[in-house]
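One file, protein.cif, is given below (mmCIF, C-alpha atoms and all ligand atoms).
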data_model
loop_
_atom_site.label_atom_id
_atom_site.label_comp_id
_atom_site.auth_asym_id
_atom_site.auth_seq_id
_atom_site.Cartn_x
_atom_site.Cartn_y
_atom_site.Cartn_z
CA MET A 1 29.99 -6.53 17.24
CA GLN A 2 27.84 -9.61 16.61
CA ALA A 3 25.07 -9.71 14.00
CA ASP A 4 22.67 -12.24 12.55
CA LEU A 5 23.02 -10.89 9.04
CA LEU A 6 25.52 -8.63 7.29
CA LEU A 7 24.73 -7.29 3.82
CA HIS A 8 27.30 -5.80 1.44
CA PRO A 9 25.31 -4.08 -1.33
CA GLN A 10 27.02 -1.69 -3.71
CA TRP A 11 24.60 1.06 -2.71
CA ILE A 12 22.31 1.72 0.21
CA VAL A 13 19.47 4.19 -0.28
CA PRO A 14 18.18 4.56 3.29
CA VAL A 15 15.44 7.11 2.38
CA ASP A 16 16.48 9.18 5.39
CA ALA A 17 15.80 12.87 5.94
CA ALA A 18 19.11 13.79 4.25
CA GLU A 19 18.21 11.77 1.12
CA SER A 20 21.57 9.97 1.39
CA VAL A 21 22.91 7.58 -1.19
CA LEU A 22 25.66 5.45 0.36
CA ALA A 23 28.21 3.63 -1.80
CA ASP A 24 30.28 0.76 -0.36
CA TYR A 25 28.40 0.66 2.92
CA SER A 26 27.21 -2.46 4.72
CA LEU A 27 24.13 -3.05 6.83
CA ALA A 28 24.01 -5.30 9.90
CA VAL A 29 20.88 -6.91 11.32
CA ALA A 30 20.40 -8.46 14.77
CA GLY A 31 17.16 -9.55 16.41
CA GLY A 32 15.22 -8.45 13.34
CA ARG A 33 16.42 -4.84 13.62
CA ILE A 34 18.97 -2.74 11.79
CA ARG A 35 22.00 -2.46 14.10
CA ALA A 36 24.54 -0.68 11.92
CA VAL A 37 24.91 1.08 8.58
CA ILE A 38 28.66 1.69 8.20
CA PRO A 39 31.40 1.69 5.53
CA SER A 40 31.99 -1.82 4.24
CA ALA A 41 35.69 -1.85 5.10
CA GLU A 42 34.82 -1.10 8.72
CA ALA A 43 31.95 -3.63 8.76
CA ARG A 44 34.14 -6.41 7.37
CA ALA A 45 36.75 -5.76 10.07
CA ASP A 46 34.48 -5.23 13.07
CA ILE A 47 31.25 -7.22 12.61
CA GLN A 48 31.00 -10.98 13.06
CA ALA A 49 27.81 -12.20 11.43
CA GLU A 50 26.17 -15.60 11.26
CA GLN A 51 25.32 -14.93 7.64
CA GLU A 52 26.97 -12.57 5.15
CA LEU A 53 25.64 -11.74 1.72
CA GLU A 54 27.59 -10.06 -1.09
CA LEU A 55 25.31 -7.99 -3.31
CA PRO A 56 27.44 -6.65 -6.18
CA CYS A 57 25.75 -3.94 -8.23
CA HIS A 58 22.67 -4.22 -6.01
CA ALA A 59 20.89 -1.32 -4.35
CA LEU A 60 19.40 -1.90 -0.91
CA ILE A 61 16.24 0.16 -0.27
CA PRO A 62 13.53 0.12 2.40
CA GLY A 63 10.70 -2.36 1.78
CA LEU A 64 7.92 -0.78 -0.28
CA ILE A 65 4.60 0.11 1.33
CA ASN A 66 1.47 -0.22 -0.78
CA ALA A 67 -0.69 2.35 0.98
CA HIS A 68 -3.99 1.44 -0.67
CA THR A 69 -5.19 -1.82 -2.14
CA HIS A 70 -7.99 -4.37 -2.09
CA SER A 71 -5.79 -7.46 -2.19
CA PRO A 72 -8.45 -10.18 -2.75
CA MET A 73 -9.52 -8.38 -5.95
CA THR A 74 -6.55 -10.00 -7.71
CA LEU A 75 -9.09 -12.74 -8.52
CA LEU A 76 -11.12 -10.17 -10.51
CA ARG A 77 -8.11 -8.88 -12.44
CA GLY A 78 -9.11 -8.20 -16.05
CA LEU A 79 -12.77 -9.17 -15.51
CA ALA A 80 -14.06 -5.77 -16.70
CA ASP A 81 -11.90 -2.97 -18.09
CA ASP A 82 -12.18 0.29 -19.98
CA LEU A 83 -15.25 1.61 -18.11
CA PRO A 84 -15.97 4.67 -15.92
CA LEU A 85 -15.89 4.13 -12.14
CA MET A 86 -19.64 3.95 -11.38
CA THR A 87 -20.48 1.73 -14.41
CA TRP A 88 -17.53 -0.49 -13.59
CA LEU A 89 -18.61 -0.78 -9.94
CA ASN A 90 -22.41 -1.02 -10.38
CA GLU A 91 -22.56 -3.30 -13.41
CA HIS A 92 -19.48 -5.47 -13.02
CA ILE A 93 -17.48 -5.42 -9.81
CA TRP A 94 -20.26 -5.25 -7.21
CA PRO A 95 -22.39 -8.00 -8.88
CA ALA A 96 -19.31 -10.26 -9.16
CA GLU A 97 -18.48 -9.60 -5.52
CA GLN A 98 -22.09 -10.28 -4.46
CA ARG A 99 -21.91 -13.61 -6.27
CA TRP A 100 -18.43 -14.83 -5.32
CA VAL A 101 -16.89 -13.13 -2.29
CA ASP A 102 -16.60 -15.39 0.73
CA PRO A 103 -13.71 -16.31 3.06
CA GLU A 104 -12.28 -18.82 0.55
CA PHE A 105 -12.27 -16.20 -2.22
CA VAL A 106 -10.56 -13.71 0.10
CA ARG A 107 -7.96 -16.22 1.19
CA ALA A 108 -7.07 -17.27 -2.38
CA GLY A 109 -7.05 -13.66 -3.61
CA THR A 110 -4.92 -12.39 -0.75
CA ARG A 111 -2.39 -15.19 -1.19
CA LEU A 112 -2.09 -14.34 -4.89
CA ALA A 113 -1.70 -10.67 -3.96
CA ALA A 114 0.90 -11.45 -1.29
CA LEU A 115 2.94 -13.50 -3.77
CA GLU A 116 2.78 -10.72 -6.37
CA MET A 117 3.57 -7.98 -3.85
CA LEU A 118 6.46 -9.73 -2.11
CA LYS A 119 8.08 -10.64 -5.43
CA SER A 120 7.89 -6.97 -6.40
CA GLY A 121 9.39 -5.65 -3.17
CA THR A 122 6.26 -4.70 -1.22
CA ILE A 123 6.56 -5.56 2.47
CA CYS A 124 3.43 -3.87 3.81
CA PHE A 125 -0.03 -3.18 2.39
CA ASN A 126 -3.00 -1.20 3.60
CA ASP A 127 -6.10 -3.17 2.67
CA MET A 128 -9.81 -2.47 2.35
CA TYR A 129 -12.05 -5.48 1.76
CA PHE A 130 -14.59 -7.87 3.24
CA TYR A 131 -13.42 -10.68 5.60
CA ALA A 132 -10.32 -8.69 6.56
CA GLU A 133 -9.52 -11.26 9.26
CA VAL A 134 -8.79 -13.73 6.45
CA THR A 135 -6.53 -11.16 4.73
CA ALA A 136 -4.73 -10.40 8.00
CA LYS A 137 -4.10 -14.09 8.64
CA ALA A 138 -2.81 -14.70 5.08
CA ALA A 139 -0.47 -11.69 5.32
CA ALA A 140 0.89 -12.81 8.70
CA GLU A 141 1.44 -16.34 7.37
CA ALA A 142 3.42 -14.86 4.46
CA GLY A 143 5.49 -12.85 6.95
CA MET A 144 4.30 -9.51 5.53
CA ARG A 145 3.04 -6.43 7.31
CA ALA A 146 -0.54 -5.36 6.69
CA ILE A 147 -3.01 -2.79 7.88
CA ALA A 148 -6.30 -4.67 7.83
CA GLY A 149 -9.30 -2.48 7.08
CA MET A 150 -12.38 -2.64 9.27
CA ILE A 151 -14.73 -2.03 6.36
CA VAL A 152 -18.02 -0.15 6.72
CA VAL A 153 -20.70 0.41 4.06
CA ASP A 154 -24.38 1.24 4.51
CA PHE A 155 -25.68 -1.57 2.29
CA PRO A 156 -25.85 -5.29 3.04
CA THR A 157 -23.31 -7.73 1.59
CA GLY A 158 -22.50 -11.38 2.21
CA PHE A 159 -20.14 -10.17 4.93
CA ALA A 160 -22.57 -8.09 7.01
CA THR A 161 -26.11 -6.75 6.81
CA ALA A 162 -25.97 -3.33 8.49
CA PRO A 163 -23.36 -0.79 9.66
CA GLU A 164 -23.51 -2.04 13.26
CA GLU A 165 -22.59 -5.55 12.12
CA TYR A 166 -19.69 -4.26 9.99
CA LEU A 167 -18.43 -2.32 13.02
CA ARG A 168 -18.84 -5.25 15.41
CA LYS A 169 -16.84 -7.52 13.08
CA GLY A 170 -14.23 -4.80 12.71
CA LEU A 171 -13.85 -4.49 16.48
CA GLU A 172 -13.40 -8.28 16.78
CA LEU A 173 -10.61 -8.03 14.20
CA HIS A 174 -8.99 -5.16 16.08
CA ASP A 175 -9.08 -7.15 19.34
CA ARG A 176 -7.58 -10.23 17.72
CA TYR A 177 -4.58 -8.35 16.30
CA ARG A 178 -4.13 -5.80 19.07
CA ASP A 179 -0.58 -6.91 19.94
CA HIS A 180 0.52 -8.54 16.69
CA ALA A 181 4.02 -7.69 15.47
CA LEU A 182 3.06 -7.38 11.78
CA ILE A 183 -0.67 -6.65 11.59
CA ARG A 184 -2.36 -3.32 12.37
CA THR A 185 -5.94 -2.25 11.82
CA ALA A 186 -7.68 0.84 10.48
CA PHE A 187 -11.32 1.74 10.02
CA ALA A 188 -12.22 1.59 6.35
CA PRO A 189 -15.52 3.35 5.62
CA HIS A 190 -15.64 2.74 1.86
CA ALA A 191 -16.48 6.20 0.44
CA PRO A 192 -18.67 9.26 1.03
CA TYR A 193 -21.34 7.88 -1.35
CA SER A 194 -21.61 4.49 0.39
CA VAL A 195 -21.51 5.58 4.07
CA SER A 196 -24.13 7.68 5.94
CA ASP A 197 -23.49 10.49 8.42
CA GLY A 198 -24.60 8.19 11.24
CA SER A 199 -22.07 5.50 10.33
CA PHE A 200 -19.31 8.10 9.96
CA GLY A 201 -20.16 9.35 13.46
CA ARG A 202 -19.79 5.84 14.90
CA VAL A 203 -16.49 5.38 13.05
CA ARG A 204 -15.19 8.66 14.40
CA THR A 205 -16.03 7.78 18.00
CA LEU A 206 -14.49 4.31 17.78
CA ALA A 207 -11.39 5.50 15.89
CA ASP A 208 -10.77 8.12 18.60
CA GLU A 209 -11.22 5.52 21.34
CA LEU A 210 -8.92 2.94 19.75
CA ASP A 211 -6.50 5.49 18.25
CA VAL A 212 -6.51 3.90 14.80
CA PRO A 213 -6.55 5.59 11.37
CA VAL A 214 -9.64 6.04 9.18
CA HIS A 215 -8.97 4.94 5.61
CA ILE A 216 -11.42 6.11 2.92
CA HIS A 217 -11.75 6.72 -0.85
CA LEU A 218 -12.18 10.50 -1.08
CA HIS A 219 -12.64 13.01 -3.91
CA GLU A 220 -11.97 10.23 -6.40
CA THR A 221 -14.15 11.53 -9.26
CA ARG A 222 -16.09 14.61 -10.30
CA ASP A 223 -19.33 12.60 -10.04
CA GLU A 224 -18.63 11.92 -6.37
CA ILE A 225 -18.39 15.67 -5.73
CA LEU A 226 -21.60 16.42 -7.68
CA GLN A 227 -23.52 13.68 -5.90
CA SER A 228 -22.39 14.97 -2.51
CA LEU A 229 -23.42 18.53 -3.40
CA ARG A 230 -26.83 17.18 -4.45
CA ASP A 231 -27.38 14.88 -1.45
CA HIS A 232 -25.61 16.78 1.35
CA GLY A 233 -25.24 20.32 0.03
CA GLU A 234 -21.48 20.21 0.56
CA ARG A 235 -18.34 18.66 -0.91
CA PRO A 236 -17.20 15.35 0.66
CA LEU A 237 -14.14 16.88 2.33
CA ALA A 238 -16.30 19.56 3.97
CA ARG A 239 -18.74 16.86 5.06
CA LEU A 240 -15.98 14.81 6.71
CA GLU A 241 -14.67 17.95 8.39
CA ARG A 242 -18.17 18.72 9.73
CA LEU A 243 -18.38 15.13 11.03
CA GLY A 244 -15.07 15.54 12.85
CA LEU A 245 -13.11 13.06 10.77
CA LEU A 246 -10.57 15.42 9.25
CA GLY A 247 -7.26 15.17 11.13
CA PRO A 248 -3.91 13.32 11.19
CA GLY A 249 -5.74 9.98 11.45
CA LEU A 250 -7.62 10.48 8.18
CA VAL A 251 -6.07 8.51 5.30
CA ALA A 252 -7.69 9.97 2.18
CA VAL A 253 -7.24 7.92 -0.97
CA HIS A 254 -7.22 9.44 -4.50
CA MET A 255 -7.99 13.15 -3.92
CA THR A 256 -8.08 13.98 -7.62
CA GLN A 257 -10.70 16.73 -7.17
CA LEU A 258 -9.17 19.42 -4.97
CA GLU A 259 -9.66 23.16 -4.91
CA GLU A 260 -6.86 25.40 -3.67
CA ALA A 261 -8.61 26.05 -0.34
CA GLU A 262 -9.08 22.29 0.15
CA ILE A 263 -5.35 21.69 -0.26
CA GLU A 264 -4.80 24.25 2.51
CA THR A 265 -7.42 22.54 4.69
CA VAL A 266 -5.82 19.11 4.21
CA ALA A 267 -2.41 20.60 5.10
CA ARG A 268 -3.74 22.50 8.14
CA MET A 269 -5.55 19.41 9.48
CA ASP A 270 -2.46 17.25 8.81
CA ALA A 271 -4.50 14.59 6.99
CA GLN A 272 -2.77 11.86 4.96
CA VAL A 273 -3.19 11.57 1.18
CA ILE A 274 -2.71 8.32 -0.74
CA HIS A 275 -2.02 8.75 -4.43
CA CYS A 276 -2.98 5.89 -6.80
CA PRO A 277 -1.84 7.21 -10.19
CA GLU A 278 -2.41 4.13 -12.33
CA SER A 279 -5.94 3.49 -11.05
CA ASN A 280 -6.80 7.17 -11.56
CA LEU A 281 -5.43 7.00 -15.11
CA LYS A 282 -7.22 3.76 -15.97
CA LEU A 283 -10.59 4.95 -14.68
CA ALA A 284 -9.92 8.49 -16.02
CA SER A 285 -10.89 9.78 -12.59
CA GLY A 286 -8.72 12.89 -12.67
CA PHE A 287 -5.28 13.94 -11.46
CA CYS A 288 -4.15 14.26 -7.88
CA PRO A 289 -2.16 17.53 -7.50
CA VAL A 290 0.73 15.72 -5.79
CA ALA A 291 3.39 18.41 -6.16
CA ARG A 292 1.04 21.09 -4.75
CA LEU A 293 0.08 18.86 -1.83
CA LEU A 294 3.74 18.12 -1.05
CA ASP A 295 4.61 21.82 -1.33
CA ALA A 296 1.80 22.59 1.12
CA GLY A 297 3.43 20.15 3.57
CA VAL A 298 0.95 17.27 3.17
CA ASN A 299 2.23 13.71 3.65
CA VAL A 300 1.51 11.90 0.36
CA ALA A 301 2.04 8.15 0.07
CA LEU A 302 1.55 5.76 -2.82
CA GLY A 303 -0.79 2.84 -3.51
CA THR A 304 -1.73 0.61 -6.41
CA ASP A 305 -5.45 0.34 -5.61
CA GLY A 306 -6.99 -3.08 -6.35
CA ALA A 307 -5.85 -5.31 -9.20
CA ALA A 308 -9.22 -4.87 -10.95
CA SER A 309 -8.48 -1.18 -11.60
CA ASN A 310 -4.72 -1.07 -12.20
CA ASN A 311 -4.31 -4.07 -13.15
CA ASP A 312 -1.26 -5.07 -11.11
CA LEU A 313 0.08 -4.58 -7.60
CA ASP A 314 3.49 -3.44 -8.81
CA MET A 315 4.83 -0.65 -6.61
CA MET A 316 8.00 -0.36 -8.72
CA GLY A 317 5.81 0.54 -11.69
CA GLU A 318 3.65 2.81 -9.54
CA ILE A 319 6.72 4.78 -8.38
CA GLN A 320 7.70 5.46 -11.98
CA THR A 321 4.15 6.43 -12.96
CA ALA A 322 3.87 8.75 -9.95
CA ALA A 323 7.14 10.48 -10.80
CA LEU A 324 6.23 10.97 -14.47
CA LEU A 325 2.60 11.95 -13.90
CA GLY A 326 3.55 14.30 -11.08
CA LYS A 327 5.76 16.26 -13.47
CA GLY A 328 3.13 16.26 -16.21
CA VAL A 329 0.37 17.49 -13.89
CA ALA A 330 2.60 20.15 -12.34
CA GLY A 331 3.84 21.22 -15.78
CA SER A 332 7.42 21.03 -14.53
CA PRO A 333 10.13 18.39 -14.96
CA SER A 334 11.62 19.35 -11.62
CA ALA A 335 8.39 18.68 -9.73
CA LEU A 336 8.44 15.32 -7.92
CA HIS A 337 12.12 14.34 -7.91
CA ALA A 338 13.11 10.68 -8.14
CA HIS A 339 13.97 10.57 -4.45
CA THR A 340 10.57 12.07 -3.56
CA ALA A 341 8.79 9.36 -5.55
CA LEU A 342 10.77 6.68 -3.70
CA ARG A 343 9.99 8.36 -0.36
CA MET A 344 6.26 8.31 -1.17
CA ALA A 345 6.49 4.52 -1.60
CA THR A 346 8.39 3.95 1.65
CA ARG A 347 8.80 6.50 4.43
CA ASN A 348 5.62 8.46 3.65
CA GLY A 349 3.59 5.26 3.63
CA ALA A 350 4.87 4.36 7.09
CA ARG A 351 4.09 7.86 8.33
CA ALA A 352 0.54 7.72 6.96
CA PHE A 353 -0.23 4.82 9.30
CA GLY A 354 1.86 5.93 12.26
CA ILE A 355 4.37 3.08 11.86
CA ASP A 356 7.34 5.27 10.88
CA GLU A 357 9.17 4.49 14.12
CA GLU A 358 9.12 0.85 13.00
CA THR A 359 9.61 0.83 9.23
CA GLY A 360 9.84 2.98 6.08
CA SER A 361 13.60 3.72 6.05
CA LEU A 362 16.91 1.93 6.60
CA GLU A 363 18.01 3.52 9.86
CA VAL A 364 19.52 2.02 13.00
CA GLY A 365 16.86 0.76 15.40
CA LYS A 366 14.17 0.22 12.78
CA SER A 367 12.86 -3.15 11.71
CA ALA A 368 15.00 -4.81 9.03
CA ASP A 369 12.40 -4.41 6.24
CA MET A 370 14.58 -4.30 3.14
CA VAL A 371 14.65 -4.92 -0.59
CA ALA A 372 17.74 -5.66 -2.70
CA LEU A 373 17.44 -4.68 -6.36
CA ASP A 374 19.90 -6.10 -8.89
CA LEU A 375 20.85 -3.27 -11.24
CA ARG A 376 23.03 -5.40 -13.54
CA ASP A 377 20.31 -5.69 -16.21
CA PRO A 378 20.99 -3.86 -19.49
CA HIS A 379 18.17 -1.38 -18.91
CA THR A 380 19.69 -0.16 -15.64
CA GLN A 381 23.28 0.23 -16.85
CA PRO A 382 25.47 2.18 -16.36
CA VAL A 383 24.69 3.49 -12.90
CA TYR A 384 25.47 7.16 -12.25
CA ASN A 385 22.81 7.50 -9.59
CA PRO A 386 21.05 4.37 -8.30
CA VAL A 387 17.90 6.35 -7.36
CA SER A 388 17.48 7.44 -10.99
CA GLN A 389 17.79 3.83 -12.15
CA ILE A 390 15.37 2.56 -9.49
CA VAL A 391 12.68 5.17 -10.23
CA TYR A 392 12.96 5.69 -13.99
CA ALA A 393 14.35 2.45 -15.40
CA ALA A 394 14.18 -0.55 -13.07
CA GLY A 395 11.36 -3.10 -13.01
CA ARG A 396 10.00 -5.42 -10.36
CA ASP A 397 11.77 -8.43 -11.88
CA GLN A 398 14.99 -6.88 -10.51
CA VAL A 399 13.83 -7.49 -6.93
CA ARG A 400 16.20 -10.28 -5.82
CA HIS A 401 15.81 -10.28 -2.03
CA VAL A 402 13.18 -9.14 0.44
CA TRP A 403 13.35 -9.20 4.22
CA VAL A 404 10.71 -8.29 6.80
CA ALA A 405 11.90 -7.95 10.39
CA GLY A 406 15.12 -9.64 9.26
CA ARG A 407 13.29 -12.67 7.90
CA HIS A 408 14.32 -13.60 4.36
CA LEU A 409 10.97 -13.76 2.50
CA ILE A 410 12.30 -13.56 -1.07
CA ARG A 411 15.65 -15.22 -1.67
CA ASP A 412 17.18 -14.91 -5.16
CA GLY A 413 13.76 -13.98 -6.51
CA GLU A 414 11.97 -16.96 -4.95
CA PRO A 415 9.51 -16.84 -2.04
CA THR A 416 10.40 -18.74 1.12
CA THR A 417 7.03 -18.57 2.89
CA LEU A 418 4.61 -19.01 -0.02
CA ASP A 419 4.08 -21.88 -2.46
CA PRO A 420 3.69 -20.31 -5.93
CA THR A 421 2.51 -23.56 -7.58
CA ALA A 422 -0.39 -24.00 -5.14
CA ILE A 423 -1.31 -20.30 -5.16
CA LEU A 424 -1.35 -20.07 -8.96
CA GLU A 425 -3.33 -23.31 -9.32
CA GLU A 426 -5.94 -21.99 -6.90
CA ALA A 427 -6.13 -18.64 -8.76
CA ARG A 428 -6.66 -20.46 -12.07
CA GLU A 429 -9.46 -22.53 -10.53
CA TRP A 430 -11.21 -19.39 -9.25
CA GLY A 431 -10.77 -17.72 -12.64
CA ALA A 432 -12.34 -20.68 -14.44
CA ARG A 433 -15.29 -20.76 -12.03
CA ILE A 434 -15.96 -17.01 -12.36
CA ALA A 435 -15.57 -17.04 -16.16
CA GLU A 436 -18.07 -19.91 -16.53
CA ASP A 437 -20.80 -18.11 -14.60
ZN ZN B 501 -9.61 1.59 -3.83
#

Output the file's structure in the form of structure tokens.
Amino acid sequence: MQADLLLHPQWIVPVDAAESVLADYSLAVAGGRIRAVIPSAEARADIQAEQELELPCHALIPGLINAHTHSPMTLLRGLADDLPLMTWLNEHIWPAEQRWVDPEFVRAGTRLAALEMLKSGTICFNDMYFYAEVTAKAAAEAGMRAIAGMIVVDFPTGFATAPEEYLRKGLELHDRYRDHALIRTAFAPHAPYSVSDGSFGRVRTLADELDVPVHIHLHETRDEILQSLRDHGERPLARLERLGLLGPGLVAVHMTQLEEAEIETVARMDAQVIHCPESNLKLASGFCPVARLLDAGVNVALGTDGAASNNDLDMMGEIQTAALLGKGVAGSPSALHAHTALRMATRNGARAFGIDEETGSLEVGKSADMVALDLRDPHTQPVYNPVSQIVYAAGRDQVRHVWVAGRHLIRDGEPTTLDPTAILEEAREWGARIAED
């Protein structure tokens, strides 16, 4: 058998249905796809590859999927901290965005985010922000996958003045990336408190027509629930159900405020839940009942949220936080196993956006979207079970190699498609400008 690339890691964690952990296996890539996952002795005898890479004491895992972020907000990292959500948004983030956000801001912020994410093993991110065409282009240039959000809010911004203009710009974006190998689109109505029934209706019709997901912040805080009860006489989830948005295409982010019957509704309607534990902790928004959702059969994936509320885009850290918090919230150390936490950051993320035929696990036929973690550091030795080390002990600085569709985007810790010096210089310039204002 011929291959373009043959990897010999010490362990492969494919994140398959059987939760396998393979020792002394090799993985072959041809035409950007995984062609074989077989014992190393067999691979060395039978596979002729253009390039072979020995990865001693490395674990090969699927590329991580950051299922909710606002990538350009890296430029607002650390601008305002230690505040509740609505004060933080109304008094700090939204005024700063009103003042500064334009295509150049989005380009610089996305490039900084792409550099941070790739270096920490993230190969795909689901984004919600203004000028998403700029984000999509920057992601594609970096060689990453992205789901670009067609944002909708009911108030004017520098990006658009009214819901119809947001939607029109979103549709242009969708058309432009219709057949792109790496970029997908999703509608991104911001939240129940910033989008009217009329706009939700338009989103629903268009999402059905185009068969794309609808990505929204939902049940993030107790205040959101109270405001909805006051303004609409119902909880946000019930409102979205009444508007016909609750179904497999709904990607609901946060979900910290859930009653038992709502968990059953989410499971019955097969909606997707995105858990952002560090953002929820930092804003003290509440706790997503992850173990109960998973037990009810809900697909739960993992996101960092934006860098202004986390404050990093580190999925390795997020996996560990999700595993620990999930146990704490469930009151059980056996809730949310290490392998489950890793699945939330990979396979479940792909499933949430309907790209699980393409990515999310290391299985023959899927795109070669892979991360090699070097476990030789003192804090990940010795290795009894590589999944334990990856989830509970490893850090993002142990990401040594990243591939997307077989393309080597991080080689020995260094990016091949991005120029860190230029990106960091640009970020510093933006920071100085914003700080001076
Ligand atoms: Zn968010």

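Taking atom CA of A:Phe130 and atom CA of A:Ala113 as endpoints, the distance between them is 15.0 Å.
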
Close residues, A:Met150 itself excluded, 10 Å, all atoms listed in the file, min 4 positions apart in chain, as an MDAnalysis selection string: chainID A and resid 127:133 166:174 185:190 203 214:215

Choose the residue, out of A:Val195, A:Ala341, A:Leu281, A:Met316, that has the smallest atom-to-atom separation from A:Ala162; count only C-alpha atoms.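 Closest candidate: A:Val195.
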
Do you know which residues are at most 12 Å from A:Glu414 counting only C-alpha atoms, after dropping those on the same chain fewer than 4 positions away, and could you put them as a VMD selection string?
chain A and resid 115 to 116 118 to 121 397 to 402 408 to 410 418 to 421

Checklist line | Given 10 Å and only C-alpha atoms and all ligand atoms, residues near ligand ZN 501 (chain B) as a PyMOL selection string | finding: chain A and resi 68-71+127-129+190-191+216-218+220+253-254+276+279-280+303-309

Using all atoms listed in the file, find all polymer residues with an atom at most 9 Å away from the point (-1.6, 10.8, 0.2); report them as a PDB file with C-alpha atoms, keeping the file's coordinate frame.
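This went into point-v3.pdb:
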ATOM      1  CA  ALA A  67      -0.690   2.350   0.980  1.00  0.00           C
ATOM      2  CA  VAL A 251      -6.070   8.510   5.300  1.00  0.00           C
ATOM      3  CA  ALA A 252      -7.690   9.970   2.180  1.00  0.00           C
ATOM      4  CA  VAL A 253      -7.240   7.920  -0.970  1.00  0.00           C
ATOM      5  CA  HIS A 254      -7.220   9.440  -4.500  1.00  0.00           C
ATOM      6  CA  MET A 255      -7.990  13.150  -3.920  1.00  0.00           C
ATOM      7  CA  ALA A 271      -4.500  14.590   6.990  1.00  0.00           C
ATOM      8  CA  GLN A 272      -2.770  11.860   4.960  1.00  0.00           C
ATOM      9  CA  VAL A 273      -3.190  11.570   1.180  1.00  0.00           C
ATOM     10  CA  ILE A 274      -2.710   8.320  -0.740  1.00  0.00           C
ATOM     11  CA  HIS A 275      -2.020   8.750  -4.430  1.00  0.00           C
ATOM     12  CA  CYS A 276      -2.980   5.890  -6.800  1.00  0.00           C
ATOM     13  CA  VAL A 290       0.730  15.720  -5.790  1.00  0.00           C
ATOM     14  CA  LEU A 293       0.080  18.860  -1.830  1.00  0.00           C
ATOM     15  CA  VAL A 298       0.950  17.270   3.170  1.00  0.00           C
ATOM     16  CA  ASN A 299       2.230  13.710   3.650  1.00  0.00           C
ATOM     17  CA  VAL A 300       1.510  11.900   0.360  1.00  0.00           C
ATOM     18  CA  ALA A 301       2.040   8.150   0.070  1.00  0.00           C
ATOM     19  CA  LEU A 302       1.550   5.760  -2.820  1.00  0.00           C
ATOM     20  CA  GLY A 303      -0.790   2.840  -3.510  1.00  0.00           C
ATOM     21  CA  MET A 344       6.260   8.310  -1.170  1.00  0.00           C
ATOM     22  CA  ASN A 348       5.620   8.460   3.650  1.00  0.00           C
ATOM     23  CA  GLY A 349       3.590   5.260   3.630  1.00  0.00           C
ATOM     24  CA  ALA A 352       0.540   7.720   6.960  1.00  0.00           C
TER      25      ALA A 352
END

Set up a box along x, y and z of the file covering all listed atoms of stretch 60-65 of chain A, add 6 Å on every one of the six sides, and write the centre and edge lengths in Å to one decimal, as AutoDock Vina command-line options.
--center_x 12.0 --center_y -1.1 --center_z 0.7 --size_x 26.8 --size_y 14.5 --size_z 15.3

Proximity to A:Leu362 - best of A:Val29, A:Met1, A:Phe159, A:Arg222, all atoms listed in the file: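 Between A:Val29, A:Met1, A:Phe159, A:Arg222, the residue approaching A:Leu362 most closely is A:Val29.
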
task: Between atom CA of A:Ala23 and atom CA of A:Leu373, measure the distance and give it in Å to one decimal.
output: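 So the answer is 14.3 Å.
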
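Here the question is which of A:Pro248, A:His58, A:Gln2, A:Ser196 gets nearest to A:Arg351 using only C-alpha atoms, and that residue is A:Pro248.
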
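The two atoms in question, atom CA of A:Leu258 and atom CA of A:Leu237, are spaced 9.2 Å apart.
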
Kindly provide the residues of stretch 139-172 of chain A that approach stretch 89-101 of chain A to within 12 Å, each paired with its closest atom pair and their distance in Å to one decimal, based on all atoms listed in the file, listed by chain and increasing number, as a Markdown table.
| residue | atom | partner | partner_atom | distance |
| --- | --- | --- | --- | --- |
| A:Phe155 | CA | A:Trp94 | CA | 11.5 |
| A:Pro156 | CA | A:Gln98 | CA | 9.8 |
| A:Thr157 | CA | A:Gln98 | CA | 6.7 |
| A:Gly158 | CA | A:Gln98 | CA | 6.8 |
| A:Phe159 | CA | A:Val101 | CA | 8.5 |
| A:Ala160 | CA | A:Gln98 | CA | 11.7 |

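Among A:Ala432, A:Val212, A:Ala139, A:Ala372, the residue with the shortest atom-to-atom distance to A:His8, counting only C-alpha atoms, is A:Ala372.
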
Please provide as JSON, numbers by chain all residues within 8 Å of A:Thr321, with the sequence filter that same-chain residues fewer than 4 positions apart are discarded (counting only C-alpha atoms). {"A": [277, 278, 317, 325]}
